[in-house]
Structure formats: C-alpha cells, structure tokens
Amino acid sequence: MWKHQPQRILFLEKHFNNPLCNVGHVNKADLESKWQVDKLNIVEQLNYKFILSLEGNDVATNLKWIMSSHSVAVMPTPKYETWFMEGTLIPDYHYIHIKDDYSDLNDKLNYYIHHPEKTEEIRKNANKYIHQFKNKEREDLISLLVLQKYFFKTNL
C-alpha cells in the first residue's frame, strides 16, 4: 500500500525523529521496521493539539474527525475532492497549511505553539465548516438530488 504513497514515505524520512512529532508507520507488512510504531486510536490522537492529515491513495480520511474536534489539522493543500469539498478549505484558516515537501513543518508548528489564539481561531473555523454537514434533512436532500442527476445523466 505505502509503496504507492511516496508523500507519506517522504514525511517519515524527514520527520520520523522530529521531537515535535509523534509519527510512524503502523502497518507491519509494508515498510521498513525503523519507522514502525504502535497505532494510536482516535481518542489517543485527540490528546494532541495538532494532528497530521496526509492524503494517501486518495483523500485523508482523518480530516473530517480532526476538523470536528478540539485539535487542528496540519496538512498540505488537498489534491483530492469529495463531498466534503476539500477544495473550499482555506489554508491557515481551516487547517494549518504546510508545504508539499514538509520543509516548513517545524516553523509552522512553532508559530502556532507560540500563538495559541491563532490556533484556537483555526479550530473554531474548522468546527464551523463541519457544522454545514450536520443538517440531516439537508444532507438527505442533497443525496437524493445527486442520485436524480446520476440517473438522468446515465439514462437509468
């Protein structure tokens, strides 16, 4: 799996031993053991103020629950788009933006560690963004409209 995710390997190469990070690889069958760590569950991850959200084969699946929490997502600009409208997320407004090569990670983390009011602002903006998806009736209606459009376009 990770052989096809060079962006994640690059992150481990650059930041596995970074004192500002608790990162590693949890799939025992896939990568070098030098990056192997025990998996943290979501509750354990939520003890951290900042949580890395990296895309893999497609979207970063942890982004939704990070943005729903009291933690802040740290990530490069999303490249994949889903119903979550990742392309509408604003860097350093909905999440802490880092470069694709992760070279500015330490600078960004240190800045937000020393500016907790800015971190809290991002967290609130992320929580507000998530709020739009919590209207069950609206989400059901959107789902029906998507299906209707699909059937219309495919002549089914």
# chains A, B, ... in the order shown; residues from 1 in each chain; ligands from 1

call {"tool": "residues_around", "arguments": {"residues": "segment 102-108 of chain A", "least_positions_apart": "4", "cutoff": "7 Å", "atoms": "only C-alpha atoms", "output": "CSV table (one decimal) with N, CA and C atoms, in the first residue's frame"}}
result
chain,number,residue,atom,x,y,z
A,11,PHE,N,7.4,12.0,4.2
A,11,PHE,CA,7.2,12.6,5.5
A,11,PHE,C,8.0,11.9,6.6
A,98,ILE,N,1.0,23.3,5.4
A,98,ILE,CA,2.4,23.0,5.2
A,98,ILE,C,2.7,22.8,3.8
A,112,TYR,N,2.4,28.3,15.6
A,112,TYR,CA,1.1,28.1,16.3
A,112,TYR,C,1.2,27.7,17.7

call {"tool": "select_by_dssp", "arguments": {"residues": "chain A", "states": "helix (DSSP H, G or I)", "output": "PyMOL selection string"}}
result
chain A and resi 2-4+6-15+33-35+42-45+63-67+86-88+105-114+116-131+136-154

call {"tool": "closest_residue", "arguments": {"among": "A:Arg123, A:Lys149, A:Lys39, A:His114", "to": "Val74 of chain A", "atoms": "only C-alpha atoms"}}
result
A:Arg123

call {"tool": "residues_around", "arguments": {"residues": "Lys64 of chain A", "least_positions_apart": "5", "cutoff": "9 Å", "atoms": "only C-alpha atoms", "output": "short mmCIF file (atom, residue, chain, number, x, y, z; two decimals) with C-alpha atoms, in the first residue's frame"}}
result
data_model
loop_
_atom_site.label_atom_id
_atom_site.label_comp_id
_atom_site.auth_asym_id
_atom_site.auth_seq_id
_atom_site.Cartn_x
_atom_site.Cartn_y
_atom_site.Cartn_z
CA SER A 69 -12.61 18.08 17.30
CA PHE A 84 -16.50 17.26 1.84
CA ILE A 130 -18.08 20.93 9.72
#

call {"tool": "residues_around", "arguments": {"residues": "Gln45 of chain A", "least_positions_apart": "6", "cutoff": "10 Å", "atoms": "only C-alpha atoms", "output": "list of chain:residue names"}}
result
A:Asn22, A:Lys39, A:Ile51, A:Leu52, A:Ile66, A:Ser71

call {"tool": "closest_residue", "arguments": {"among": "A:Lys34, A:Lys124, A:His25, A:His115", "to": "Val72 of chain A", "atoms": "only C-alpha atoms"}}
result
A:Lys124

call {"tool": "residues_around", "arguments": {"residues": "Thr61 of chain A", "least_positions_apart": "3", "cutoff": "12 Å", "atoms": "only C-alpha atoms", "output": "number ranges by chain"}}
result
A: 42, 52-58, 64-67, 73, 78, 80-82, 84, 86

call {"tool": "write_last_selection", "arguments": {"atoms": "C-alpha atoms", "output": "PDB file, in the first residue's frame"}}
result
ATOM      1  CA  ILE A  42      -8.651   8.288  17.603  1.00  0.00           C
ATOM      2  CA  LEU A  52      -1.222  15.451  10.740  1.00  0.00           C
ATOM      3  CA  SER A  53      -3.660  14.791   7.903  1.00  0.00           C
ATOM      4  CA  LEU A  54      -1.907  13.362   4.850  1.00  0.00           C
ATOM      5  CA  GLU A  55      -3.618  12.077   1.763  1.00  0.00           C
ATOM      6  CA  GLY A  56      -2.804   8.501   0.834  1.00  0.00           C
ATOM      7  CA  ASN A  57      -4.259   6.791  -2.212  1.00  0.00           C
ATOM      8  CA  ASP A  58      -6.970   9.443  -2.140  1.00  0.00           C
ATOM      9  CA  LYS A  64     -13.321  15.079   8.938  1.00  0.00           C
ATOM     10  CA  TRP A  65     -12.941  13.946  12.545  1.00  0.00           C
ATOM     11  CA  ILE A  66      -9.958  16.228  13.153  1.00  0.00           C
ATOM     12  CA  MET A  67     -11.954  19.241  11.977  1.00  0.00           C
ATOM     13  CA  ALA A  73      -5.373  19.541  11.161  1.00  0.00           C
ATOM     14  CA  PRO A  78      -5.583  18.812  -0.548  1.00  0.00           C
ATOM     15  CA  TYR A  80      -8.445  15.157  -3.965  1.00  0.00           C
ATOM     16  CA  GLU A  81     -12.033  16.379  -3.853  1.00  0.00           C
ATOM     17  CA  THR A  82     -15.031  14.601  -2.327  1.00  0.00           C
ATOM     18  CA  PHE A  84     -16.504  17.262   1.838  1.00  0.00           C
ATOM     19  CA  GLU A  86     -11.783  19.831   0.332  1.00  0.00           C
TER      20      GLU A  86
END

call {"tool": "closest_residue", "arguments": {"among": "A:Val37, A:Ile142, A:Ile113, A:Met75", "to": "Asp101 of chain A", "atoms": "only C-alpha atoms"}}
result
A:Met75

call {"tool": "atom_distance", "arguments": {"atom1": "atom CA of Ala126 of chain A", "atom2": "atom CA of Val59 of chain A"}}
result
16.9 Å

call {"tool": "select_by_dssp", "arguments": {"residues": "segment 4-138 of chain A", "states": "strand (DSSP E)", "output": "ChimeraX atom specification"}}
result
/A:50-52,72-75,96-97

call {"tool": "atom_distance", "arguments": {"atom1": "atom CA of Leu10 of chain A", "atom2": "atom CA of Pro76 of chain A"}}
result
12.9 Å
